[in-house]
Amino acid sequence: MAADSVLMPGDALARYRSGLIAAAAYSAVINALYLVPSLYMLQVYDRVLTSRNLTTLTMLTVLMLAAYIALAALGAIRNMMLVRIGNGVDAALSSSVFDAVFNRYALTRDLRLLGRLNDLSVIRSFIGGSGMASLFDAPWIPIYLFVVYLMHPYFALLVLIGLLILVALALLTEWTTGSKLGQASAFQSAANAGVSNAMHSIDAISAMGMTARVRERWSGQTLPAAVLQSKAADRASMLTSASKFVRITLQSAILCLGAALVIAGDVTPGLMIAASILASRALAPVEQLIASWKPFVGFRKSWAQLKELLALADDRAPSVVLPRPAGRLLLEQVSFRLSSGDEPILQNVSLSVSPGEIVGIIGPSASGKSTLAKLMVGACKPSSGVVRLDGFDLAAWNRDDLGPHLGYLPQEVQLMDGTVGENISRFATDATSESIIAAAKAAHAHDAIARLPQGYNTRVGIGGESLSGGQRQRVALARALYGEPALLVLDEPNSNLDEIGEKALQDALLAAKSSGVSIVLISHRPGTVAITDRLIVLKDGRIALNGPRDAVLTTLNAGRAPAPPAKTVE
Ligand SMILES: Nc1ncnc2c1ncn2[C@@H]1O[C@H](COP(=O)(O)OP(=O)(O)OP(=O)(O)O)[C@@H](O)[C@H]1O
């Protein structure tokens, strides 16, 4: 089935437009209700205490309680709605982001792409946390200020000064700590990436006593990170204390001003207390906004990064699901370079492979064989030219639809943590034991798997480390043959095989050939080369020779150094 097309962050959020409008409406009512405490205080002081009327006090208290209950309930509902919207946006975007990260990583091998998965949780937490709520509350700052102004313009002036000082302190915090925290996080990520990289070479590192050097490199990056972090923390705590000072001083300053105004007969004592309560309420959204500033900056950054990633995403979902291919592979003038301006790894490669044909690819190290294999299975895209399967550009196939028809055995076999059976079935949830065993038998690997401690249920460990190199290759061949693919591309499938394994591989390939599979085989071993029908010699990224196996071998053995342009040997 074709996967959904790529969803952009804005589209995902737009799906929750009505929820967001409702949350904004709840916020308006919540903020209006926050006026109740000061109004209550005003009435109690100026009306109840002067009239000594208990009925009025009871009525006011009942109204106040009803408002507080509504405030608590609406606050809880709004927060629950925002959490659900955050989760919904995350869930809606997750497949597009996951696919985009994987497809892009296949092209660039850039591990920083993993951070894009983290961007999803940044966005979810911002929408579902206090960040989004504080954006909804922000428009109320001027409204509160206006109400304070109505009480007395001097009160409003004082609150405004307090607000400006708080904002200035927040900006100062960001200005003095932001770059330090950024540098610290860059040091920390470099340290973590270095350790995870070193762990891939753990055997060589421990055998050759390199642990201390790896540790020194790690601590050389984590120590500066800690120093920068503590410098930033020192400044941040000084500025936080300054903000607290401004807040409590402002509260008392309002009372002081209020008292002076009461003495002058400008305001009532009730208004003085109400203004003091309202002033702290007016400051609350500003403080919330300041607290949410960092998450907001993070949210905007993550949002922009996901937009950029998804805009580059290869939307391969075709409108028509193509039928099962017969396996006719055609490369037309294919060139490949890692990025524009780089030297091409492959240049103007044209070739074809027919169903039931085994085409061998040989050539010196670094001549581009593995890159060619990746292009043939769509693991990377040509910089120019087209790779066609049954006449259709590979890019026209949806990866999820095409995958089952392709079998690929990469040069460095990496199995995923799971059982042998799960790896063979490519982790398909609907795989049957019969289909797994059929693939293992087709790969002539069933007996070898039967000898493993728990047979098909043996866990292979991360990368397949609990299997030997040869066992890994045999399981990977079974995985490539799972589901009877139409095209099989094998990159040095025998590099770790013993004689028995090599014979099993040859038998498996001859059986696949006789059932009409198109096979591309990168291998230099004479026994395996002997089962190919045609041979292609790659040199410096170009086809140097292409023809029937024996004719190509004769040309090579005659010692005539192959040189571009490609010769077709008959
Ligand atoms: N991701 C990459 N980043 C940088 N260079 C790359 C990358 N992939 C391939 N290359 C370069 O492209 C060239 C061809 O590599 P490729 O692995 O295709 O050669 P090969 O013929 O399979 O080599 P070998 O027989 O040694 O496996 C090499 O010079 C290699 O350094």
# chains A, B, ... in the order shown; residues from 1 in each chain; ligands from 1
>>> select_by_dssp(residues="region 243-330 of chain A", states="helix (DSSP H, G or I)", output="PyMOL selection string")
chain A and resi 243-263+269-291+293-312
>>> residues_near_ligand(ligand="ligand 1", cutoff="7 Å", atoms="only C-alpha atoms and all ligand atoms", output="ChimeraX atom specification")
/A:108-109,338,345,363-372
>>> residues_around(residues="region 433-441 of chain A", least_positions_apart="2", cutoff="7 Å", atoms="only C-alpha atoms", output="JSON, numbers by chain")
{"A": [421, 424, 425, 431, 443, 444, 445, 446, 478, 481, 482]}
>>> select_by_dssp(residues="region 274-444 of chain A", states="strand (DSSP E)", output="PyMOL selection string")
chain A and resi 329-336+346-353+358-362+384-389+392-393+406-409
>>> write_last_selection(atoms="N, CA and C atoms", output="mmCIF file, in the first residue's frame")
data_model
loop_
_atom_site.group_PDB
_atom_site.id
_atom_site.type_symbol
_atom_site.label_atom_id
_atom_site.label_comp_id
_atom_site.auth_asym_id
_atom_site.auth_seq_id
_atom_site.Cartn_x
_atom_site.Cartn_y
_atom_site.Cartn_z
ATOM 1 N N LEU A 329 16.042 -4.480 -15.010
ATOM 2 C CA LEU A 329 16.738 -3.314 -14.451
ATOM 3 C C LEU A 329 17.479 -2.594 -15.574
ATOM 4 N N LEU A 330 17.323 -1.283 -15.604
ATOM 5 C CA LEU A 330 17.967 -0.500 -16.657
ATOM 6 C C LEU A 330 18.554 0.763 -16.041
ATOM 7 N N LEU A 331 19.857 0.978 -16.297
ATOM 8 C CA LEU A 331 20.476 2.235 -15.849
ATOM 9 C C LEU A 331 20.807 3.048 -17.073
ATOM 10 N N GLU A 332 20.307 4.285 -17.111
ATOM 11 C CA GLU A 332 20.539 5.139 -18.279
ATOM 12 C C GLU A 332 21.418 6.313 -17.879
ATOM 13 N N GLN A 333 22.642 6.295 -18.364
ATOM 14 C CA GLN A 333 23.568 7.444 -18.164
ATOM 15 C C GLN A 333 23.575 7.920 -16.708
ATOM 16 N N VAL A 334 23.749 6.962 -15.792
ATOM 17 C CA VAL A 334 23.672 7.310 -14.378
ATOM 18 C C VAL A 334 25.006 7.859 -13.875
ATOM 19 N N SER A 335 24.943 9.034 -13.244
ATOM 20 C CA SER A 335 26.130 9.586 -12.578
ATOM 21 C C SER A 335 25.752 9.844 -11.136
ATOM 22 N N PHE A 336 26.754 9.807 -10.258
ATOM 23 C CA PHE A 336 26.469 10.053 -8.839
ATOM 24 C C PHE A 336 27.614 10.810 -8.195
ATOM 25 N N LEU A 346 30.412 7.961 -9.678
ATOM 26 C CA LEU A 346 30.053 7.176 -10.874
ATOM 27 C C LEU A 346 29.750 8.155 -12.009
ATOM 28 N N GLN A 347 30.145 7.751 -13.234
ATOM 29 C CA GLN A 347 29.920 8.656 -14.376
ATOM 30 C C GLN A 347 29.321 7.917 -15.553
ATOM 31 N N ASN A 348 28.201 8.392 -16.008
ATOM 32 C CA ASN A 348 27.552 7.886 -17.232
ATOM 33 C C ASN A 348 27.505 6.369 -17.306
ATOM 34 N N VAL A 349 27.007 5.767 -16.246
ATOM 35 C CA VAL A 349 26.917 4.296 -16.242
ATOM 36 C C VAL A 349 25.584 3.886 -16.873
ATOM 37 N N SER A 350 25.669 3.094 -17.946
ATOM 38 C CA SER A 350 24.455 2.557 -18.577
ATOM 39 C C SER A 350 24.591 1.047 -18.626
ATOM 40 N N LEU A 351 23.593 0.345 -18.179
ATOM 41 C CA LEU A 351 23.627 -1.113 -18.229
ATOM 42 C C LEU A 351 22.216 -1.636 -18.062
ATOM 43 N N SER A 352 22.049 -2.930 -18.341
ATOM 44 C CA SER A 352 20.735 -3.532 -18.115
ATOM 45 C C SER A 352 20.921 -4.933 -17.550
ATOM 46 N N VAL A 353 19.945 -5.381 -16.794
ATOM 47 C CA VAL A 353 19.943 -6.750 -16.261
ATOM 48 C C VAL A 353 18.555 -7.317 -16.527
ATOM 49 N N ILE A 358 22.376 -13.435 -14.389
ATOM 50 C CA ILE A 358 23.270 -13.039 -13.293
ATOM 51 C C ILE A 358 24.371 -12.162 -13.897
ATOM 52 N N VAL A 359 24.398 -10.902 -13.454
ATOM 53 C CA VAL A 359 25.422 -9.978 -13.952
ATOM 54 C C VAL A 359 26.426 -9.737 -12.833
ATOM 55 N N GLY A 360 27.682 -10.037 -13.112
ATOM 56 C CA GLY A 360 28.724 -9.822 -12.111
ATOM 57 C C GLY A 360 29.333 -8.436 -12.289
ATOM 58 N N ILE A 361 29.687 -7.797 -11.169
ATOM 59 C CA ILE A 361 30.383 -6.503 -11.266
ATOM 60 C C ILE A 361 31.713 -6.639 -10.542
ATOM 61 N N ILE A 362 32.765 -6.365 -11.253
ATOM 62 C CA ILE A 362 34.093 -6.421 -10.643
ATOM 63 C C ILE A 362 34.824 -5.112 -10.924
ATOM 64 N N SER A 384 22.450 12.377 -11.829
ATOM 65 C CA SER A 384 21.825 12.544 -13.148
ATOM 66 C C SER A 384 21.633 11.159 -13.739
ATOM 67 N N GLY A 385 20.768 11.073 -14.749
ATOM 68 C CA GLY A 385 20.447 9.769 -15.311
ATOM 69 C C GLY A 385 19.298 9.123 -14.530
ATOM 70 N N VAL A 386 18.890 7.948 -15.011
ATOM 71 C CA VAL A 386 17.717 7.295 -14.410
ATOM 72 C C VAL A 386 18.009 5.818 -14.158
ATOM 73 N N VAL A 387 17.509 5.319 -13.024
ATOM 74 C CA VAL A 387 17.528 3.872 -12.767
ATOM 75 C C VAL A 387 16.088 3.407 -12.933
ATOM 76 N N ARG A 388 15.865 2.453 -13.834
ATOM 77 C CA ARG A 388 14.488 2.003 -14.093
ATOM 78 C C ARG A 388 14.316 0.549 -13.706
ATOM 79 N N LEU A 389 13.147 0.255 -13.172
ATOM 80 C CA LEU A 389 12.776 -1.134 -12.934
ATOM 81 C C LEU A 389 11.496 -1.363 -13.724
ATOM 82 N N PHE A 392 9.940 1.727 -15.209
ATOM 83 C CA PHE A 392 9.562 2.864 -14.348
ATOM 84 C C PHE A 392 10.770 3.362 -13.576
ATOM 85 N N ASP A 393 10.913 4.675 -13.516
ATOM 86 C CA ASP A 393 11.950 5.285 -12.678
ATOM 87 C C ASP A 393 11.758 4.784 -11.243
ATOM 88 N N LEU A 406 12.478 -6.295 -3.788
ATOM 89 C CA LEU A 406 13.934 -6.178 -3.910
ATOM 90 C C LEU A 406 14.622 -6.979 -2.816
ATOM 91 N N GLY A 407 15.735 -7.593 -3.178
ATOM 92 C CA GLY A 407 16.582 -8.230 -2.177
ATOM 93 C C GLY A 407 17.952 -7.568 -2.266
ATOM 94 N N TYR A 408 18.450 -7.092 -1.139
ATOM 95 C CA TYR A 408 19.739 -6.380 -1.161
ATOM 96 C C TYR A 408 20.591 -6.897 -0.012
ATOM 97 N N LEU A 409 21.811 -7.259 -0.352
ATOM 98 C CA LEU A 409 22.746 -7.681 0.694
ATOM 99 C C LEU A 409 23.917 -6.706 0.655
#
>>> residues_around(residues="Pro139 (chain A)", least_positions_apart="4", cutoff="12 Å", atoms="only C-alpha atoms", output="list in words")
Ala24, Ser27, Ala28, Asn31, Ala32, Ala133, Ser134, Leu135, Ile143, Tyr144, Leu145, Phe146, Ala282, Pro285, Val286 and Leu289 of chain A
>>> write_last_selection(atoms="C-alpha atoms", output="JSON list (two decimals), in the first residue's frame")
[["chain", "number", "residue", "atom", "x", "y", "z"],
["A", 24, "ALA", "CA", -7.82, 30.41, 23.14],
["A", 27, "SER", "CA", -7.87, 31.26, 28.00],
["A", 28, "ALA", "CA", -9.92, 34.44, 27.54],
["A", 31, "ASN", "CA", -7.96, 35.48, 32.33],
["A", 32, "ALA", "CA", -11.22, 37.38, 32.81],
["A", 133, "ALA", "CA", -0.74, 28.43, 27.30],
["A", 134, "SER", "CA", 1.49, 31.43, 28.03],
["A", 135, "LEU", "CA", 1.12, 32.59, 24.41],
["A", 143, "ILE", "CA", -5.86, 44.40, 29.46],
["A", 144, "TYR", "CA", -4.75, 43.94, 33.09],
["A", 145, "LEU", "CA", -2.64, 47.03, 32.76],
["A", 146, "PHE", "CA", -5.67, 48.96, 31.51],
["A", 282, "ALA", "CA", -0.58, 41.51, 35.53],
["A", 285, "PRO", "CA", 1.72, 36.34, 32.25],
["A", 286, "VAL", "CA", 4.96, 38.31, 31.77],
["A", 289, "LEU", "CA", 6.23, 34.40, 29.01]]
